[in-house]
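A.B. asks: As input, take input37.cif (mmCIF, C-alpha atoms):
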```cif
data_coords
#
loop_
_atom_site.label_atom_id
_atom_site.label_comp_id
_atom_site.auth_asym_id
_atom_site.auth_seq_id
_atom_site.Cartn_x
_atom_site.Cartn_y
_atom_site.Cartn_z
CA MET A 1 -110.47 136.17 131.59
CA THR A 2 -111.39 132.96 129.82
CA PHE A 3 -114.30 132.96 127.37
CA ILE A 4 -116.12 129.66 127.02
CA ASN A 5 -118.66 129.22 124.23
CA TYR A 6 -120.69 126.05 124.67
CA ALA A 7 -122.60 126.68 121.43
CA SER A 8 -119.50 126.67 119.22
CA ARG A 9 -117.53 124.58 121.75
CA GLU A 10 -114.60 126.94 122.12
CA ILE A 11 -112.35 128.06 124.95
CA ASN A 12 -110.40 131.31 124.51
CA CYS A 13 -107.61 132.32 126.87
CA LYS A 14 -105.23 135.28 127.03
CA ILE A 15 -101.50 134.94 127.65
CA VAL A 16 -99.23 137.97 128.01
CA TYR A 17 -95.46 138.02 127.45
CA TYR A 18 -93.89 140.62 129.75
CA GLY A 19 -90.32 141.79 130.28
CA PRO A 20 -87.85 144.64 129.81
CA GLY A 21 -87.19 146.34 126.47
CA LEU A 22 -85.39 144.19 123.87
CA CYS A 23 -85.59 141.00 125.99
CA GLY A 24 -87.17 138.99 123.14
CA LYS A 25 -90.93 139.02 123.76
CA THR A 26 -91.78 139.76 120.15
CA THR A 27 -89.13 137.25 119.05
CA ASN A 28 -90.93 134.54 121.06
CA LEU A 29 -94.18 135.33 119.26
CA GLN A 30 -92.48 135.60 115.90
CA TYR A 31 -90.95 132.14 116.33
CA ILE A 32 -94.29 130.61 117.32
CA TYR A 33 -95.87 132.32 114.33
CA ASP A 34 -93.19 131.17 111.88
CA THR A 35 -93.27 127.54 112.97
CA THR A 36 -97.00 126.98 113.41
CA ALA A 37 -99.15 125.47 110.68
CA PRO A 38 -101.17 128.14 108.82
CA THR A 39 -104.43 126.46 109.86
CA ALA A 40 -103.59 126.83 113.55
CA LYS A 41 -102.82 130.52 113.62
CA GLY A 42 -104.26 133.88 112.72
CA LYS A 43 -102.38 136.96 111.64
CA LEU A 44 -99.51 138.29 113.75
CA ILE A 45 -100.46 141.88 114.44
CA SER A 46 -97.59 144.10 115.48
CA LEU A 47 -98.22 147.67 116.57
CA ALA A 48 -94.63 148.80 116.39
CA THR A 49 -92.64 151.96 115.79
CA GLU A 50 -90.71 152.54 112.57
CA THR A 51 -87.68 150.99 114.23
CA ASP A 52 -89.59 147.82 115.12
CA ARG A 53 -89.95 148.56 118.81
CA THR A 54 -93.34 147.47 120.14
CA LEU A 55 -95.53 150.54 120.54
CA PHE A 56 -98.73 149.09 121.95
CA PHE A 57 -98.78 145.29 121.60
CA ASP A 58 -98.15 142.31 119.36
CA PHE A 59 -101.00 139.89 119.05
CA MET A 60 -101.42 136.45 117.61
CA PRO A 61 -104.25 133.93 117.99
CA LEU A 62 -103.11 130.32 118.21
CA GLU A 63 -105.35 127.29 118.02
CA LEU A 64 -103.85 124.32 119.77
CA GLY A 65 -106.41 121.58 119.23
CA THR A 66 -109.32 120.21 121.24
CA VAL A 67 -109.68 119.34 124.89
CA ARG A 68 -112.80 117.41 125.86
CA GLY A 69 -114.38 118.41 122.56
CA PHE A 70 -113.63 122.12 123.03
CA LYS A 71 -111.38 123.97 120.60
CA THR A 72 -108.71 125.73 122.66
CA ARG A 73 -107.56 129.06 121.35
CA PHE A 74 -104.81 131.05 123.02
CA HIS A 75 -104.50 134.76 122.35
CA LEU A 76 -100.85 135.66 122.76
CA TYR A 77 -99.93 139.27 123.52
CA THR A 78 -96.67 141.07 124.21
CA VAL A 79 -96.37 144.39 126.01
CA PRO A 80 -94.06 147.25 125.03
CA GLY A 81 -90.98 146.80 127.21
CA GLN A 82 -89.69 150.34 127.33
CA VAL A 83 -90.24 151.97 130.73
CA PHE A 84 -92.28 154.95 129.49
CA TYR A 85 -95.01 152.76 127.98
CA ASP A 86 -96.31 151.78 131.41
CA ALA A 87 -99.90 152.92 130.79
CA SER A 88 -100.10 150.58 127.78
CA ARG A 89 -98.66 147.65 129.74
CA LYS A 90 -101.29 148.08 132.43
CA LEU A 91 -104.08 147.97 129.83
CA ILE A 92 -102.79 144.84 128.12
CA LEU A 93 -102.74 142.93 131.42
CA LYS A 94 -106.50 143.36 131.80
CA GLY A 95 -108.26 140.01 131.65
CA VAL A 96 -105.01 138.04 131.46
CA ASP A 97 -105.16 134.29 132.11
CA GLY A 98 -101.43 133.58 132.18
CA VAL A 99 -98.14 135.52 132.14
CA VAL A 100 -94.70 134.71 130.77
CA PHE A 101 -91.89 136.90 132.08
CA VAL A 102 -89.07 137.00 129.53
CA ALA A 103 -85.82 137.89 131.30
CA ASP A 104 -82.73 138.99 129.39
CA SER A 105 -79.83 136.81 130.57
CA GLN A 106 -77.14 139.38 129.81
CA GLU A 107 -75.41 140.61 132.96
CA GLU A 108 -75.91 144.27 132.15
CA ARG A 109 -79.68 143.77 131.75
CA MET A 110 -80.26 142.31 135.20
CA ASP A 111 -81.33 145.64 136.70
CA ALA A 112 -83.80 146.08 133.85
CA ASN A 113 -85.18 142.58 134.56
CA ILE A 114 -85.68 143.38 138.23
CA GLU A 115 -87.33 146.70 137.49
CA SER A 116 -89.64 145.14 134.92
CA LEU A 117 -90.60 142.30 137.27
CA TYR A 118 -91.52 144.79 140.02
CA ASN A 119 -93.49 146.70 137.42
CA LEU A 120 -95.33 143.50 136.45
CA GLU A 121 -96.26 142.82 140.08
CA GLU A 122 -97.49 146.39 140.52
CA ASN A 123 -99.50 146.42 137.31
CA LEU A 124 -101.06 143.06 138.07
CA GLN A 125 -102.05 144.33 141.49
CA SER A 126 -103.65 147.43 140.03
CA ASN A 127 -105.74 145.10 137.85
CA GLY A 128 -106.70 143.00 140.89
CA TYR A 129 -104.34 140.05 140.29
CA ASP A 130 -101.63 138.51 142.43
CA LEU A 131 -98.54 137.23 140.61
CA SER A 132 -98.20 134.34 143.03
CA LYS A 133 -101.73 133.13 142.31
CA ILE A 134 -102.01 133.31 138.52
CA PRO A 135 -100.50 130.95 135.92
CA TYR A 136 -96.95 132.24 135.55
CA VAL A 137 -93.68 131.13 133.93
CA LEU A 138 -90.20 132.65 134.01
CA GLN A 139 -88.16 132.41 130.81
CA LEU A 140 -84.42 133.10 130.84
CA ASN A 141 -83.80 134.21 127.28
CA LYS A 142 -80.67 134.79 125.18
CA ARG A 143 -78.78 131.86 126.72
CA ASP A 144 -76.56 131.77 123.61
CA LEU A 145 -74.85 135.09 124.33
CA PRO A 146 -71.35 135.24 125.86
CA ASN A 147 -71.93 137.67 128.74
CA ILE A 148 -74.78 135.91 130.52
CA LEU A 149 -75.40 135.28 134.19
CA PRO A 150 -75.66 131.69 135.47
CA ALA A 151 -79.28 130.45 135.46
CA GLU A 152 -79.13 129.72 139.22
CA GLU A 153 -78.11 133.29 139.97
CA MET A 154 -80.95 134.67 137.84
CA ALA A 155 -83.43 132.31 139.44
CA ALA A 156 -82.33 133.38 142.93
CA GLU A 157 -83.00 136.99 141.99
CA LEU A 158 -86.10 136.69 139.83
CA ARG A 159 -88.02 133.61 140.93
CA ARG A 160 -91.03 134.54 143.02
CA ASN A 161 -93.02 131.52 144.04
CA GLY A 162 -91.59 128.27 142.68
CA GLU A 163 -92.83 129.02 139.15
CA PRO A 164 -91.41 126.93 136.29
CA ILE A 165 -88.24 128.34 134.74
CA HIS A 166 -87.26 127.75 131.11
CA GLU A 167 -83.96 128.63 129.51
CA ALA A 168 -84.40 129.85 125.96
CA VAL A 169 -82.88 131.28 122.82
CA ALA A 170 -85.98 132.79 121.25
CA SER A 171 -84.13 133.75 118.05
CA ASN A 172 -83.62 130.08 117.15
CA GLY A 173 -86.68 128.78 118.99
CA ALA A 174 -84.94 126.89 121.80
CA GLY A 175 -87.25 126.78 124.81
CA VAL A 176 -89.99 128.84 123.15
CA PHE A 177 -92.60 126.09 122.95
CA ASP A 178 -91.58 124.65 126.33
CA THR A 179 -92.38 128.04 127.83
CA LEU A 180 -95.71 128.29 126.03
CA LYS A 181 -96.66 124.75 126.97
CA SER A 182 -95.78 125.40 130.58
CA VAL A 183 -98.01 128.45 130.88
CA ALA A 184 -100.84 126.95 128.78
CA LYS A 185 -100.88 123.91 131.04
CA GLN A 186 -101.29 126.09 134.10
CA VAL A 187 -104.08 128.09 132.43
CA LEU A 188 -106.02 124.94 131.57
CA ASN A 189 -105.45 123.54 135.05
CA GLU A 190 -106.87 126.78 136.41
CA LEU A 191 -109.96 126.20 134.28
CA LYS A 192 -110.45 122.86 136.01
CA LYS A 193 -110.73 124.64 139.32
CA SER A 194 -113.17 127.34 138.21
CA MET B 1 -107.66 136.22 141.08
CA THR B 2 -108.87 136.36 137.50
CA ASP B 3 -112.32 137.68 136.52
CA ALA B 4 -115.15 135.21 136.20
CA PRO B 5 -115.13 133.75 132.69
CA ILE B 6 -117.89 134.63 130.24
CA ILE B 7 -119.73 131.35 129.63
CA LEU B 8 -122.24 131.23 126.78
CA HIS B 9 -124.72 128.37 126.38
CA GLU B 10 -126.65 127.54 123.21
CA PRO B 11 -129.94 129.39 123.94
CA GLN B 12 -128.15 132.63 124.89
CA PHE B 13 -125.80 132.31 121.92
CA GLN B 14 -128.78 131.99 119.56
CA GLN B 15 -130.43 134.97 121.22
CA LEU B 16 -127.22 136.91 120.78
CA ARG B 17 -127.06 136.04 117.10
CA HIS B 18 -130.63 137.16 116.71
CA ILE B 19 -129.90 140.56 118.29
CA LEU B 20 -126.81 141.06 116.10
CA ASN B 21 -128.65 140.02 112.96
CA LYS B 22 -131.52 142.41 113.70
CA LEU B 23 -129.08 145.23 114.34
CA ARG B 24 -127.24 144.55 111.10
CA LEU B 25 -130.42 144.55 109.03
CA GLU B 26 -131.93 147.62 110.67
CA SER B 27 -128.73 149.65 110.51
CA PHE B 28 -127.87 148.56 106.93
CA SER B 29 -124.36 147.76 108.11
CA ARG B 30 -121.76 145.35 106.68
CA VAL B 31 -120.71 143.45 109.77
CA VAL B 32 -121.73 143.54 113.40
CA PHE B 33 -119.71 141.81 116.03
CA LEU B 34 -119.40 141.45 119.71
CA VAL B 35 -116.06 141.37 121.48
CA ASP B 36 -115.16 141.10 125.13
CA LYS B 37 -113.12 143.96 126.57
CA ASN B 38 -110.01 141.80 126.44
CA GLY B 39 -110.21 141.37 122.70
CA GLN B 40 -111.83 137.98 122.31
CA GLN B 41 -114.50 137.76 119.68
CA ILE B 42 -117.79 136.44 121.04
CA ALA B 43 -119.91 136.50 117.89
CA ALA B 44 -119.90 138.04 114.40
CA HIS B 45 -122.67 138.54 111.91
CA GLY B 46 -122.84 139.85 108.35
CA GLU B 47 -120.60 140.08 105.32
CA VAL B 48 -117.60 138.63 107.11
CA GLY B 49 -116.03 137.21 103.94
CA ASP B 50 -112.27 137.29 104.28
CA LEU B 51 -112.36 139.99 106.95
CA ASP B 52 -109.93 139.04 109.73
CA THR B 53 -112.42 139.38 112.57
CA THR B 54 -110.06 137.93 115.19
CA SER B 55 -107.49 140.66 114.59
CA LEU B 56 -110.19 143.29 114.29
CA ALA B 57 -111.62 142.19 117.66
CA SER B 58 -108.25 142.43 119.35
CA LEU B 59 -107.51 145.84 117.85
CA ALA B 60 -111.00 147.16 118.72
CA ALA B 61 -110.41 146.16 122.34
CA GLY B 62 -106.96 147.75 122.26
CA ASN B 63 -108.50 150.89 120.84
CA VAL B 64 -111.14 151.04 123.58
CA ALA B 65 -108.54 150.31 126.25
CA ALA B 66 -106.29 153.10 124.97
CA THR B 67 -109.06 155.70 124.74
CA GLY B 68 -110.35 154.53 128.14
CA GLY B 69 -106.89 155.22 129.52
CA MET B 70 -106.98 158.70 128.01
CA ALA B 71 -110.47 159.27 129.46
CA GLN B 72 -109.23 158.51 132.94
CA LEU B 73 -106.28 160.85 132.54
CA ILE B 74 -108.65 163.74 131.90
CA GLY B 75 -111.00 162.71 134.71
CA GLU B 76 -113.64 160.78 132.75
CA LYS B 77 -114.64 157.20 133.62
CA GLU B 78 -114.57 156.09 129.99
CA PHE B 79 -115.67 157.13 126.50
CA PRO B 80 -118.72 154.91 126.00
CA THR B 81 -118.72 155.15 122.20
CA LEU B 82 -116.02 155.51 119.56
CA SER B 83 -116.41 156.18 115.86
CA HIS B 84 -113.85 156.08 113.10
CA GLU B 85 -114.94 157.39 109.73
CA GLY B 86 -113.12 156.36 106.59
CA GLU B 87 -113.57 157.30 102.95
CA ARG B 88 -115.88 154.36 102.29
CA ASP B 89 -116.07 152.19 105.38
CA SER B 90 -116.46 153.27 108.97
CA ILE B 91 -116.49 151.67 112.40
CA HIS B 92 -118.65 152.45 115.39
CA ILE B 93 -117.86 150.88 118.77
CA CYS B 94 -120.09 150.96 121.83
CA ILE B 95 -119.15 149.73 125.31
CA ILE B 96 -121.80 147.62 127.00
CA GLY B 97 -120.55 146.48 130.42
CA ARG B 98 -117.91 143.82 129.84
CA VAL B 99 -118.40 143.66 126.09
CA LEU B 100 -117.99 145.87 123.03
CA LEU B 101 -120.44 146.09 120.18
CA VAL B 102 -118.57 146.81 116.95
CA VAL B 103 -120.41 147.86 113.78
CA VAL B 104 -118.68 148.13 110.41
CA PHE B 105 -120.71 150.07 107.84
CA ASP B 106 -120.30 151.74 104.46
CA GLU B 107 -122.13 154.34 102.36
CA ARG B 108 -125.34 152.28 102.45
CA SER B 109 -125.78 153.52 106.03
CA SER B 110 -124.89 156.56 108.13
CA LEU B 111 -123.34 157.18 111.53
CA GLY B 112 -126.61 158.65 112.83
CA LEU B 113 -128.62 155.58 111.89
CA VAL B 114 -125.98 153.21 113.26
CA LYS B 115 -125.87 155.09 116.57
CA LEU B 116 -129.66 154.97 116.88
CA ARG B 117 -129.90 151.23 116.19
CA VAL B 118 -126.91 150.46 118.40
CA LYS B 119 -128.63 152.21 121.29
CA GLN B 120 -131.63 149.90 120.91
CA ALA B 121 -129.48 146.78 120.57
CA SER B 122 -127.42 147.79 123.62
CA ARG B 123 -130.47 147.55 125.82
CA ASP B 124 -131.23 144.02 124.58
CA LEU B 125 -127.61 142.98 124.99
CA SER B 126 -127.43 144.35 128.56
CA VAL B 127 -130.44 142.26 129.50
CA LEU B 128 -128.97 139.21 127.78
CA PHE B 129 -125.59 139.49 129.51
CA LYS B 130 -127.24 139.88 132.91
CA GLU B 131 -128.97 136.60 132.14
CA VAL B 132 -125.67 135.02 131.03
CA GLU B 133 -124.06 136.02 134.32
CA ARG B 134 -127.02 134.74 136.33
CA ILE B 135 -126.93 131.36 134.59
CA ALA B 136 -123.16 131.07 134.99
CA LEU B 137 -123.48 131.70 138.73
CA GLU B 138 -126.37 129.30 139.08
CA ARG B 139 -124.55 126.50 137.25
CA LYS B 140 -121.35 127.15 139.11
CA ASN B 141 -123.11 126.47 142.37
CA SER B 142 -125.08 123.48 141.20
CA GLU B 143 -122.98 121.61 138.60
CA GLU B 144 -119.55 120.15 138.34
CA SER B 145 -117.62 121.88 135.53
CA ILE B 146 -116.92 119.59 132.58
CA PHE B 147 -113.41 121.00 132.63
CA ALA B 148 -112.84 119.40 136.03
CA GLU B 149 -112.26 116.17 134.12
CA ILE B 150 -109.39 117.53 132.00
CA THR B 151 -106.33 115.36 132.58
CA ASP B 152 -102.65 116.15 132.16
CA ASP B 153 -102.66 113.80 129.16
CA ASP B 154 -105.41 115.89 127.51
CA ILE B 155 -103.26 118.98 127.91
CA ASP B 156 -100.06 117.25 126.74
CA SER B 157 -101.82 115.99 123.63
CA LEU B 158 -102.40 119.60 122.53
CA PHE B 159 -98.68 120.03 122.01
CA ASN B 160 -97.93 116.78 120.25
#
```
Would you encode the structure as structure tokens?
C.D. replies:
Amino acid sequence: MTFINYASREINCKIVYYGPGLCGKTTNLQYIYDTTAPTAKGKLISLATETDRTLFFDFMPLELGTVRGFKTRFHLYTVPGQVFYDASRKLILKGVDGVVFVADSQEERMDANIESLYNLEENLQSNGYDLSKIPYVLQLNKRDLPNILPAEEMAAELRRNGEPIHEAVASNGAGVFDTLKSVAKQVLNELKKS
Amino acid sequence: MTDAPIILHEPQFQQLRHILNKLRLESFSRVVFLVDKNGQQIAAHGEVGDLDTTSLASLAAGNVAATGGMAQLIGEKEFPTLSHEGERDSIHICIIGRVLLVVVFDERSSLGLVKLRVKQASRDLSVLFKEVERIALERKNSEESIFAEITDDDIDSLFN
């Protein structure tokens, strides 16, 4: 749910990175955090376990600049990927303006991708959203690993409704900003319609 | 479909600041701020200093969401207020419709006083947010959104 403040001329939007455990959601955020100018970002908050697995969410505010005189601020969230954290995932999707699904390209993780994508559709529905109608991007991550599936094969299995697909290697930043730009663009275009 | 956005115009924003300021003074608290349930800070008032209010807003919303989830598991709709007491500083959070009122206070105040003043401010804020929603609906039907003019170039320029 976008928040528009005419008095301080600000637009705030919420983007959620979703996907199976260890697919690289936090790594996406970490890369954005590491490479963004200090003036454009807030703190990266990570509610993680002692072994660095996301427990509740990661959060980072990112200020991109101004559109029509309004400061645009994106609040980026990740969800915990592990299956048993479903209640938390549902909560984090509340009020979402755009979703990035981070798929793990490794062959052995394809089932986990499919399960997580179904889970995303279900959790969006329970919050009153429809995946095919909200700003949405599919990222195929870990393209640098040896045992990956061809992008076409992954797209055939995971693509839902002609959404943009970006290949990425979040650990070195390849495709990370393309993905963010792609979803941010859709969110702002959505604002035009409202 | 996403929820309708919260749209604040100058007069309502000033009114909001006035309510928060009054609450802060009357409750002798450090900082008072208003956050939407999704973690976006709407307004803050008080000794903000180097307090990271953006992160605090997001965590307060996460906190309310998590306890709300627990409430539903035990058959409650939600827990309308939450308090966390520390050695020196404490936080009191109150749910008011779509927004959360967060009060940070120290030994200059007490939980009882904060709760009392928050109750009064909640009533004013409920009225204000009904007005905000009414205006948003009215303008939606009568005016073209200024965001309708956003071009692809405007959006691209954000990333250059």
A.B. asks: Check what the PyMOL selection byres ((chain B) within 6 of (chain A)) selects in the file above and give those residues as a list of chain:residue names.
C.D. replies: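 Matching residues under the PyMOL selection byres ((chain B) within 6 of (chain A)) are B:Met1, B:Asp3, B:Pro5, B:Ile6, B:Ile7, B:Leu8, B:His9, B:Glu10, B:Asn38, B:Phe147, B:Ala148, B:Leu158.
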A.B. asks: Compile the contact shell of A:Glu153 as a list of chain:residue names: residues with an atom at most 12 Å away, counting all atoms listed in the file, same-chain residues fewer than 3 positions apart removed.
C.D. replies: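 After dropping sequence-adjacent residues, the list is A:Ser105, A:Gln106, A:Glu107, A:Met110, A:Leu140, A:Ile148, A:Leu149, A:Pro150, A:Ala156, A:Glu157, A:Leu158, A:Arg159.
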A.B. asks: Once the PyMOL selection byres ((chain B and resi 56) around 10) has been applied to the shown file, what residues remain in the selection, as number ranges by chain?
C.D. replies: A: 45; B: 33, 35, 39-41, 51-55, 57-62, 102
A.B. asks: Just give me the gap between atom CA of A:His166 and atom CA of A:Asn141 in Å, one decimal is fine.
C.D. replies: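 Straight-line distance from atom CA of A:His166 to atom CA of A:Asn141 works out to 8.3 Å.
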A.B. asks: Can you pull out every residue within 9 Å of B:Leu82, counting all atoms listed in the file, but drop anything in the same chain fewer than 3 positions away, and send it as a short mmCIF file (atom, residue, chain, number, x, y, z; two decimals) with C-alpha atoms, in the coordinates of the input?
C.D. replies:
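Output file selection_34.cif is given in full below:
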```
data_model
loop_
_atom_site.label_atom_id
_atom_site.label_comp_id
_atom_site.auth_asym_id
_atom_site.auth_seq_id
_atom_site.Cartn_x
_atom_site.Cartn_y
_atom_site.Cartn_z
CA ASN B 63 -108.50 150.89 120.84
CA VAL B 64 -111.14 151.04 123.58
CA THR B 67 -109.06 155.70 124.74
CA PHE B 79 -115.67 157.13 126.50
CA ILE B 91 -116.49 151.67 112.40
CA HIS B 92 -118.65 152.45 115.39
CA ILE B 93 -117.86 150.88 118.77
CA CYS B 94 -120.09 150.96 121.83
CA ILE B 95 -119.15 149.73 125.31
#
```
A.B. asks: Tell me which residues the PyMOL selection byres ((chain B and resi 28) around 8) grabs here, as a VMD selection string.
C.D. replies: chain B and resid 24 to 27 29 to 30 105 108 to 109
A.B. asks: Point out the residue among B:Glu47, B:Glu78, B:Asp152, B:Glu87 with the least atom-to-atom distance to B:Asn21, counting all atoms listed in the file.
C.D. replies: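 Closest to B:Asn21 of all the choices is B:Glu47.
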A.B. asks: Quick one: distance from atom CA of B:Ile135 to atom CA of B:Leu23 in Å, one decimal?
C.D. replies: 24.6 Å
A.B. asks: Please report the interatomic distance between atom CA of A:Asp52 and atom CA of A:Leu22 in Å with one decimal.
C.D. replies: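 Atom CA of A:Asp52 sits 10.4 Å away from atom CA of A:Leu22.
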A.B. asks: Of the residues B:His84, B:His18, B:Arg98, B:His45, which is the one nearest to B:Val31, using all atoms listed in the file?
C.D. replies: B:His45
A.B. asks: Under the rule that only C-alpha atoms are counted, which of A:Asp144, A:Glu115, A:Glu152, A:Glu122 is the nearest residue to A:Ala170?
C.D. replies: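 Between A:Asp144, A:Glu115, A:Glu152, A:Glu122, the residue approaching A:Ala170 most closely is A:Asp144.
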A.B. asks: Extract, using only C-alpha atoms, all DNA, RNA and protein residues at most 9 Å from B:Gln12, discarding same-chain residues fewer than 6 positions from it, and format them as an NGL selection string.
C.D. replies: (:A and (7)) or (:B and (128-129 or 131-132))
A.B. asks: B:Gly97, B:Gly112, B:Gly75, B:Gly86: which is nearest B:Lys130, counting all atoms listed in the file?
C.D. replies: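 Residue with the minimum atom-to-atom distance to B:Lys130: B:Gly97.
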A.B. asks: Name the closest residue to A:Asp111 among the candidates A:Pro146, A:Gly21, A:Gly162, A:Gly175; distances are taken between atoms, counting all atoms listed in the file.
C.D. replies: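 Checking each candidate against A:Asp111, we get A:Gly21 as the closest.
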A.B. asks: Looking at A:Val100, A:Met154, A:Val176, A:Val187, which one is nearest to B:Ile150, with distances taken over all atoms listed in the file?
C.D. replies: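 Answer, going by the shortest atom-to-atom distance: A:Val187.
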